[in-house]
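**Student:** Input file: structure-v1.cif. Contents: mmCIF, C-alpha atoms and all ligand atoms.
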data_run
#
loop_
_atom_site.label_atom_id
_atom_site.label_comp_id
_atom_site.auth_asym_id
_atom_site.auth_seq_id
_atom_site.Cartn_x
_atom_site.Cartn_y
_atom_site.Cartn_z
CA MET A 333 0.00 0.00 0.00
CA SER A 334 1.26 3.44 -0.93
CA THR A 335 1.23 6.41 1.48
CA ALA A 336 1.05 10.12 0.62
CA LEU A 337 1.94 12.91 3.05
CA VAL A 338 0.37 16.30 2.30
CA THR A 339 1.29 19.47 4.21
CA GLY A 340 -1.41 22.12 4.51
CA ALA A 341 -4.01 19.43 3.81
CA THR A 342 -6.95 21.18 5.50
CA SER A 343 -7.72 23.81 2.89
CA GLY A 344 -7.47 24.85 -0.76
CA ILE A 345 -4.83 23.20 -2.94
CA GLY A 346 -3.59 20.84 -0.21
CA LEU A 347 -7.11 19.59 0.52
CA GLU A 348 -7.59 18.84 -3.19
CA PHE A 349 -4.27 16.95 -3.27
CA ALA A 350 -5.45 14.91 -0.27
CA ARG A 351 -8.82 14.20 -1.93
CA LEU A 352 -7.41 13.20 -5.32
CA LEU A 353 -4.60 11.09 -3.79
CA GLY A 354 -7.18 9.43 -1.50
CA ALA A 355 -9.36 8.75 -4.55
CA ARG A 356 -6.34 7.03 -6.15
CA GLY A 357 -6.15 4.72 -3.12
CA HIS A 358 -3.16 6.20 -1.26
CA ASP A 359 -3.21 6.10 2.52
CA LEU A 360 -2.95 9.69 3.73
CA VAL A 361 -0.83 11.52 6.29
CA LEU A 362 -2.39 14.95 6.68
CA VAL A 363 -0.34 17.78 8.15
CA SER A 364 -1.57 21.17 9.31
CA ASN A 365 -1.45 23.62 12.13
CA GLU A 366 -5.07 23.74 13.27
CA ALA A 367 -5.94 20.57 15.22
CA ASP A 368 -9.78 20.66 15.13
CA ARG A 369 -10.00 21.32 11.39
CA LEU A 370 -7.35 18.64 10.79
CA ASP A 371 -9.40 16.02 12.66
CA GLU A 372 -12.52 17.04 10.73
CA VAL A 373 -10.74 16.66 7.37
CA ARG A 374 -9.14 13.36 8.40
CA ALA A 375 -12.54 11.89 9.31
CA GLU A 376 -14.12 13.16 6.07
CA LEU A 377 -11.40 11.65 3.87
CA ALA A 378 -11.36 8.33 5.76
CA GLU A 379 -15.09 7.95 5.26
CA ARG A 380 -15.17 9.10 1.65
CA TYR A 381 -12.22 7.11 0.27
CA GLY A 382 -11.89 4.20 2.72
CA VAL A 383 -8.11 4.67 2.93
CA GLY A 384 -5.91 4.82 6.03
CA THR A 385 -5.65 8.37 7.38
CA GLU A 386 -3.37 9.96 9.97
CA ALA A 387 -3.56 13.51 11.30
CA LEU A 388 -0.16 15.01 12.06
CA HIS A 389 -0.63 18.29 13.87
CA ALA A 390 2.42 20.49 13.24
CA ASP A 391 3.36 24.14 12.93
CA LEU A 392 5.84 24.08 10.06
CA SER A 393 7.49 27.27 11.28
CA ALA A 394 8.55 25.43 14.47
CA ARG A 395 11.75 23.40 14.16
CA ALA A 396 10.73 20.58 16.52
CA ASP A 397 7.43 20.12 14.66
CA VAL A 398 9.24 20.02 11.30
CA GLU A 399 11.51 17.26 12.67
CA ARG A 400 8.45 15.17 13.59
CA VAL A 401 7.02 15.60 10.10
CA ALA A 402 10.40 14.70 8.54
CA GLU A 403 10.59 11.56 10.68
CA ARG A 404 7.18 10.45 9.36
CA ALA A 405 8.08 11.44 5.78
CA ARG A 406 10.97 8.92 5.64
CA ALA A 407 8.52 6.11 4.86
CA VAL A 408 6.08 7.79 2.47
CA ASP A 409 5.78 7.20 -1.29
CA VAL A 410 4.36 10.61 -2.22
CA LEU A 411 5.26 13.90 -0.54
CA VAL A 412 3.31 17.09 -1.26
CA ASN A 413 5.01 20.21 0.14
CA ASN A 414 2.03 22.53 -0.05
CA ALA A 415 1.55 24.44 3.24
CA GLY A 416 1.99 28.16 2.88
CA PHE A 417 0.69 31.66 3.38
CA GLY A 418 1.38 35.15 2.06
CA LEU A 419 2.22 38.49 3.65
CA ARG A 420 0.10 41.58 3.18
CA LYS A 421 2.73 44.24 3.78
CA TRP A 422 5.93 45.05 1.96
CA PHE A 423 9.22 43.70 3.31
CA LEU A 424 10.32 46.76 5.30
CA ASP A 425 6.81 47.36 6.66
CA ASN A 426 6.51 43.84 8.07
CA GLU A 427 7.95 42.64 11.34
CA ARG A 428 11.15 40.73 10.61
CA ALA A 429 9.80 37.75 12.57
CA ASP A 430 6.89 37.41 10.10
CA GLU A 431 9.28 37.42 7.15
CA GLU A 432 11.42 34.75 8.85
CA ARG A 433 8.34 32.65 9.61
CA LEU A 434 7.42 32.75 5.93
CA LEU A 435 10.87 31.46 4.95
CA ASP A 436 10.67 28.76 7.63
CA VAL A 437 7.38 27.40 6.24
CA LEU A 438 7.95 27.93 2.50
CA CYS A 439 11.64 26.97 2.34
CA ARG A 440 13.13 25.46 5.49
CA ALA A 441 10.30 22.97 6.13
CA VAL A 442 10.33 21.97 2.44
CA LEU A 443 14.09 21.36 2.60
CA VAL A 444 14.02 19.30 5.82
CA VAL A 445 10.99 17.17 4.94
CA SER A 446 12.13 16.59 1.32
CA HIS A 447 15.56 15.49 2.56
CA ALA A 448 14.02 12.80 4.76
CA ALA A 449 11.42 11.69 2.20
CA GLY A 450 13.87 11.82 -0.73
CA ARG A 451 16.41 9.56 0.99
CA GLY A 452 13.71 7.01 1.78
CA MET A 453 12.31 7.10 -1.76
CA ARG A 454 15.76 6.83 -3.37
CA ALA A 455 16.59 3.79 -1.22
CA ARG A 456 13.31 2.12 -2.24
CA GLY A 457 13.69 3.13 -5.90
CA ARG A 458 10.29 4.81 -6.22
CA GLY A 459 8.28 7.84 -5.14
CA SER A 460 7.21 11.38 -6.02
CA ILE A 461 8.00 14.71 -4.42
CA ILE A 462 5.65 17.55 -5.36
CA THR A 463 6.25 21.11 -4.15
CA VAL A 464 3.72 23.90 -4.60
CA ALA A 465 5.53 27.05 -5.74
CA SER A 466 3.81 29.84 -7.70
CA ILE A 467 4.20 31.87 -10.86
CA ALA A 468 5.28 34.55 -8.36
CA GLY A 469 8.55 32.58 -8.30
CA TRP A 470 9.40 33.91 -11.77
CA VAL A 471 9.03 37.57 -10.84
CA ALA A 472 10.44 39.80 -8.13
CA GLY A 473 7.90 40.52 -5.38
CA GLY A 474 9.25 40.39 -1.85
CA THR A 475 10.12 37.42 0.32
CA TYR A 476 7.13 35.38 -0.96
CA SER A 477 8.39 35.51 -4.57
CA ALA A 478 11.94 34.84 -3.42
CA ALA A 479 10.78 31.78 -1.46
CA LYS A 480 8.83 30.47 -4.46
CA SER A 481 11.89 31.06 -6.72
CA TRP A 482 13.82 28.94 -4.25
CA SER A 483 11.17 26.17 -4.47
CA ILE A 484 11.45 26.12 -8.26
CA ALA A 485 15.28 26.02 -8.31
CA PHE A 486 15.34 23.51 -5.44
CA SER A 487 12.89 21.17 -7.19
CA GLU A 488 14.61 21.39 -10.56
CA GLY A 489 17.95 20.61 -8.89
CA LEU A 490 16.50 17.68 -6.95
CA ALA A 491 14.84 16.34 -10.12
CA GLY A 492 18.30 16.23 -11.75
CA GLU A 493 19.85 14.58 -8.70
CA LEU A 494 17.15 11.87 -8.62
CA ALA A 495 16.96 11.26 -12.39
CA GLY A 496 17.08 7.55 -13.14
CA THR A 497 16.39 6.49 -9.53
CA GLY A 498 12.65 5.91 -9.97
CA VAL A 499 11.80 9.02 -7.93
CA THR A 500 10.10 11.95 -9.69
CA VAL A 501 10.16 15.59 -8.60
CA THR A 502 7.54 18.11 -9.76
CA VAL A 503 7.12 21.77 -8.88
CA LEU A 504 3.62 23.19 -9.31
CA CYS A 505 3.50 26.87 -10.32
CA PRO A 506 -0.09 28.14 -10.27
CA GLY A 507 -1.38 31.67 -10.74
CA PHE A 508 -4.35 32.87 -8.68
CA VAL A 509 -6.32 29.93 -7.25
CA ARG A 510 -9.68 30.21 -5.47
CA THR A 511 -8.72 29.17 -1.90
CA GLN A 512 -8.54 30.77 1.55
CA PHE A 513 -5.03 32.03 0.78
CA HIS A 514 -5.75 35.69 -0.04
CA ARG A 515 -8.34 36.20 2.68
CA ARG A 516 -6.08 34.62 5.30
CA SER A 517 -3.08 36.63 4.15
CA GLY A 518 -5.13 39.86 4.09
CA ILE A 519 -4.36 40.40 0.39
CA SER A 520 -7.07 42.21 -1.60
CA VAL A 521 -7.97 40.53 -4.90
CA ASP A 522 -11.39 42.12 -5.48
CA LYS A 523 -10.41 43.75 -8.77
CA LEU A 524 -8.87 40.66 -10.32
CA PRO A 525 -10.66 39.56 -13.54
CA ASP A 526 -12.40 36.16 -13.52
CA ALA A 527 -10.18 34.94 -16.37
CA LEU A 528 -7.16 34.90 -14.04
CA TRP A 529 -8.76 32.65 -11.40
CA LEU A 530 -8.11 28.91 -11.31
CA ASP A 531 -10.17 26.16 -9.70
CA PRO A 532 -8.09 24.24 -7.10
CA ARG A 533 -9.44 20.82 -8.13
CA ARG A 534 -8.52 21.41 -11.78
CA VAL A 535 -5.05 22.68 -10.78
CA VAL A 536 -4.35 19.55 -8.74
CA ARG A 537 -5.82 17.16 -11.32
CA ASP A 538 -3.59 18.65 -14.04
CA CYS A 539 -0.59 18.59 -11.72
CA LEU A 540 -1.04 14.89 -10.92
CA ALA A 541 -1.28 14.17 -14.66
CA ASP A 542 2.06 15.99 -15.06
CA VAL A 543 3.52 13.96 -12.17
CA ASP A 544 2.39 10.75 -13.92
CA ARG A 545 4.23 11.93 -17.05
CA GLY A 546 7.37 12.68 -15.01
CA LYS A 547 7.14 16.41 -15.83
CA VAL A 548 9.35 18.58 -13.60
CA VAL A 549 7.59 21.97 -13.91
CA SER A 550 3.78 21.97 -13.89
CA VAL A 551 2.03 25.23 -14.84
CA PRO A 552 -1.77 25.02 -14.93
CA SER A 553 -3.88 26.67 -17.66
CA ARG A 554 -2.97 28.24 -21.00
CA VAL A 555 -3.05 31.75 -19.55
CA TYR A 556 -0.42 31.01 -16.92
CA LYS A 557 1.65 28.81 -19.25
CA GLY A 558 1.89 31.87 -21.52
CA LEU A 559 2.60 34.32 -18.68
CA SER A 560 5.25 32.08 -17.12
CA TRP A 561 6.96 31.64 -20.49
CA LEU A 562 7.01 35.44 -20.91
CA ALA A 563 8.38 35.93 -17.38
CA ARG A 564 11.20 33.49 -18.13
CA ILE A 565 12.30 35.13 -21.38
CA ALA A 566 11.60 38.79 -20.49
CA PRO A 567 14.44 41.19 -19.63
CA ARG A 568 14.92 41.40 -15.85
CA ARG A 569 13.62 44.98 -15.67
CA PHE A 570 10.13 43.70 -16.68
CA VAL A 571 10.46 40.81 -14.26
CA ARG A 572 11.14 43.33 -11.48
CA SER A 573 7.92 45.25 -12.17
CA GLY A 574 6.00 41.94 -12.57
CA GLY A 575 6.11 41.51 -8.82
CA LYS A 576 3.45 44.17 -8.56
CA ILE A 577 1.15 42.26 -10.91
CA THR A 578 1.33 38.95 -9.08
CA ASP A 579 0.65 40.44 -5.70
CA HIS A 580 -1.92 42.92 -4.56
CA ARG A 581 -0.31 44.72 -1.68
CA PRO A 582 -0.44 48.49 -1.43
CA PRO A 583 1.82 50.31 -3.95
CA LEU A 584 5.44 51.00 -3.04
CA ARG A 585 5.91 54.25 -1.21
N1 LIG B 1 -4.20 30.45 -3.77
C1 LIG B 1 -3.35 30.93 -4.65
O1 LIG B 1 -3.69 31.85 -5.44
C2 LIG B 1 -1.95 30.37 -4.76
C3 LIG B 1 -1.20 30.67 -5.90
C4 LIG B 1 0.07 30.15 -6.03
C5 LIG B 1 0.60 29.36 -5.05
N2 LIG B 1 -0.12 29.09 -3.93
C6 LIG B 1 0.50 28.25 -2.90
O2 LIG B 1 -0.35 27.13 -2.67
C7 LIG B 1 -0.09 26.61 -1.37
C8 LIG B 1 -1.42 26.32 -0.68
O3 LIG B 1 -2.12 27.53 -0.51
P1 LIG B 1 -3.71 27.64 -0.67
O4 LIG B 1 -3.96 28.61 -1.72
O5 LIG B 1 -4.32 26.31 -0.74
O6 LIG B 1 -4.03 28.38 0.74
P2 LIG B 1 -5.01 28.04 1.96
O7 LIG B 1 -6.37 27.68 1.48
O8 LIG B 1 -4.86 29.20 2.88
O9 LIG B 1 -4.34 26.74 2.64
C9 LIG B 1 -3.08 26.83 3.28
C10 LIG B 1 -2.79 25.55 4.02
O10 LIG B 1 -1.45 25.65 4.57
C11 LIG B 1 -1.49 25.34 5.96
N3 LIG B 1 -0.49 26.10 6.72
C12 LIG B 1 -0.22 27.42 6.67
N4 LIG B 1 0.74 27.74 7.55
C13 LIG B 1 1.09 26.58 8.17
C14 LIG B 1 2.03 26.25 9.19
N5 LIG B 1 2.79 27.19 9.78
N6 LIG B 1 2.13 24.96 9.58
C15 LIG B 1 1.35 24.01 9.03
N7 LIG B 1 0.44 24.26 8.05
C16 LIG B 1 0.31 25.54 7.65
C17 LIG B 1 -2.90 25.73 6.40
O11 LIG B 1 -3.22 25.01 7.57
P3 LIG B 1 -3.73 25.75 8.92
O12 LIG B 1 -5.11 26.21 8.62
O13 LIG B 1 -3.64 24.70 9.93
O14 LIG B 1 -2.77 26.91 9.16
C18 LIG B 1 -3.73 25.29 5.19
O15 LIG B 1 -4.02 23.92 5.28
C19 LIG B 1 0.77 27.65 -0.65
O16 LIG B 1 2.11 27.20 -0.64
C20 LIG B 1 0.64 28.89 -1.53
O17 LIG B 1 1.78 29.71 -1.44
C21 LIG B 1 -1.39 29.57 -3.76
#
Let's see the structure in the file written out as structure tokens.
Ligand SMILES: NC(=O)c1ccc[n+]([C@@H]2O[C@H](COP(=O)([O-])OP(=O)(O)OC[C@H]3O[C@@H](n4cnc5c(N)ncnc54)[C@H](OP(=O)(O)O)[C@@H]3O)[C@@H](O)[C@H]2O)c1
**Tutor:**
Amino acid sequence: MSTALVTGATSGIGLEFARLLGARGHDLVLVSNEADRLDEVRAELAERYGVGTEALHADLSARADVERVAERARAVDVLVNNAGFGLRKWFLDNERADEERLLDVLCRAVLVVSHAAGRGMRARGRGSIITVASIAGWVAGGTYSAAKSWSIAFSEGLAGELAGTGVTVTVLCPGFVRTQFHRRSGISVDKLPDALWLDPRRVVRDCLADVDRGKVVSVPSRVYKGLSWLARIAPRRFVRSGGKITDHRPPLR
């Protein structure tokens, strides 16, 4: 029996990963920070898919909690590094502790848990590591963009390192997805046109199809495939102003 560990499994993109992996018959290890909601989701998925489910309550900005998740990740066949949040204010307007917490969740936890899971998968000769980045990773827009750039470079590097071992690595780079993310981060997206919004289920379904094909970079939808291609070939001065398009914080003072 195959086991999948999903971080941030209680909401949005992570919840869809948990649902679709459960529907494929994987036992599930669900990680998030809010214990009551986690138990609720665990019970729902156990009943709906009839797979084994574990709730692993962890704050991925806390080192001891990340170690516990890494310990569990050693034995899983699929790892989804998904947990994350955004920051409403610009870098210098935020408390430094909030910026550090963002890096801890979006980068440090991904590094530590992938190291443990990747070693286990390589030794067994099979497995998949999926990390949720963002198209924000191709533009310059504060610590969030920088962290997502790191996720992309990290995943592409790990994919090369694991080539031929039976372990696949995929980085998912979505645009705007309808989840709790913007509300929880306090980011205003009221004026965003409908055409730019993605459905989380569709995003995850397309990503898993890319994982099955062994694709390293998964960008959902034609619109964002086009935009991400432009961001990768555009001169850096456009990439620098692109940060303001992919996030909706107040303008720079
Ligand atoms: N929505 C978008 O437009 C969009 C676009 C591109 C990329 N992304 C990325 O997609 C990923 C998922 O976001 P989402 O849109 O699905 O947002 P969401 O609906 O807010 O879900 C975020 C999930 O991450 C968990 N999480 C946050 N901080 C955590 C922590 N310190 N420890 C453990 N779990 C934590 C949350 O659990 P708790 O409730 O327990 O905190 C929740 O399950 C993130 O990495 C985000 O950067 C989102």
**Student:** Enter the distance from atom P3 of ligand LIG 1 (chain B) to CA of Thr463 in chain A, in Å, rounded to one decimal.
**Tutor:**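 Value for the atom P3 of ligand LIG 1 (chain B)-CA of Thr463 in chain A distance: 17.1 Å.
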**Student:** For ligand LIG 1 (chain B), list the contacting residues at 8 Å or closer, counting all atoms listed in the file, as a PyMOL selection string.
**Tutor:** chain A and resi 339-347+363-367+369-370+389-394+413-418+433+437-438+464-468+476+480+505-517+529-530+532
**Student:** Compare A:Arg458, A:Arg420, A:Arg395, A:Arg428 by their minimum atom-to-atom distance to Ser334 in chain A, counting only C-alpha atoms, and give me the closest one.
**Tutor:** A:Arg458
**Student:** List the neighbours of range 439-451 of chain A out to 7 Å using all atoms listed in the file; skip same-chain residues closer than 2 positions along the sequence, and give me the result as a PyMOL selection string.
**Tutor:** chain A and resi 392+398+401-403+405-408+413+435-437+453-455+479+483
**Student:** If I wrap all listed atoms of range 436-449 of chain A in a box with edges along x, y and z and add 3 Å on each side, what are its centre and edge lengths in Å to one decimal, as lines of an AutoDock Vina configuration file?
**Tutor:**
center_x = 11.5
center_y = 20.2
center_z = 4.5
size_x = 14.2
size_y = 23.1
size_z = 12.3
**Student:** Kindly give the distance, in Å, that separates CA of Gly546 in chain A and CA of Thr500 in chain A, rounded to a single decimal.
**Tutor:**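 Here the two named atoms are 6.0 Å from each other.
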**Student:** Using all atoms listed in the file, which of A:Cys539, A:Ala495, A:Ala355, A:Val471 sits nearest Ala566 in chain A?
**Tutor:**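 Ranked by minimum distance to Ala566 in chain A, first place goes to A:Val471.
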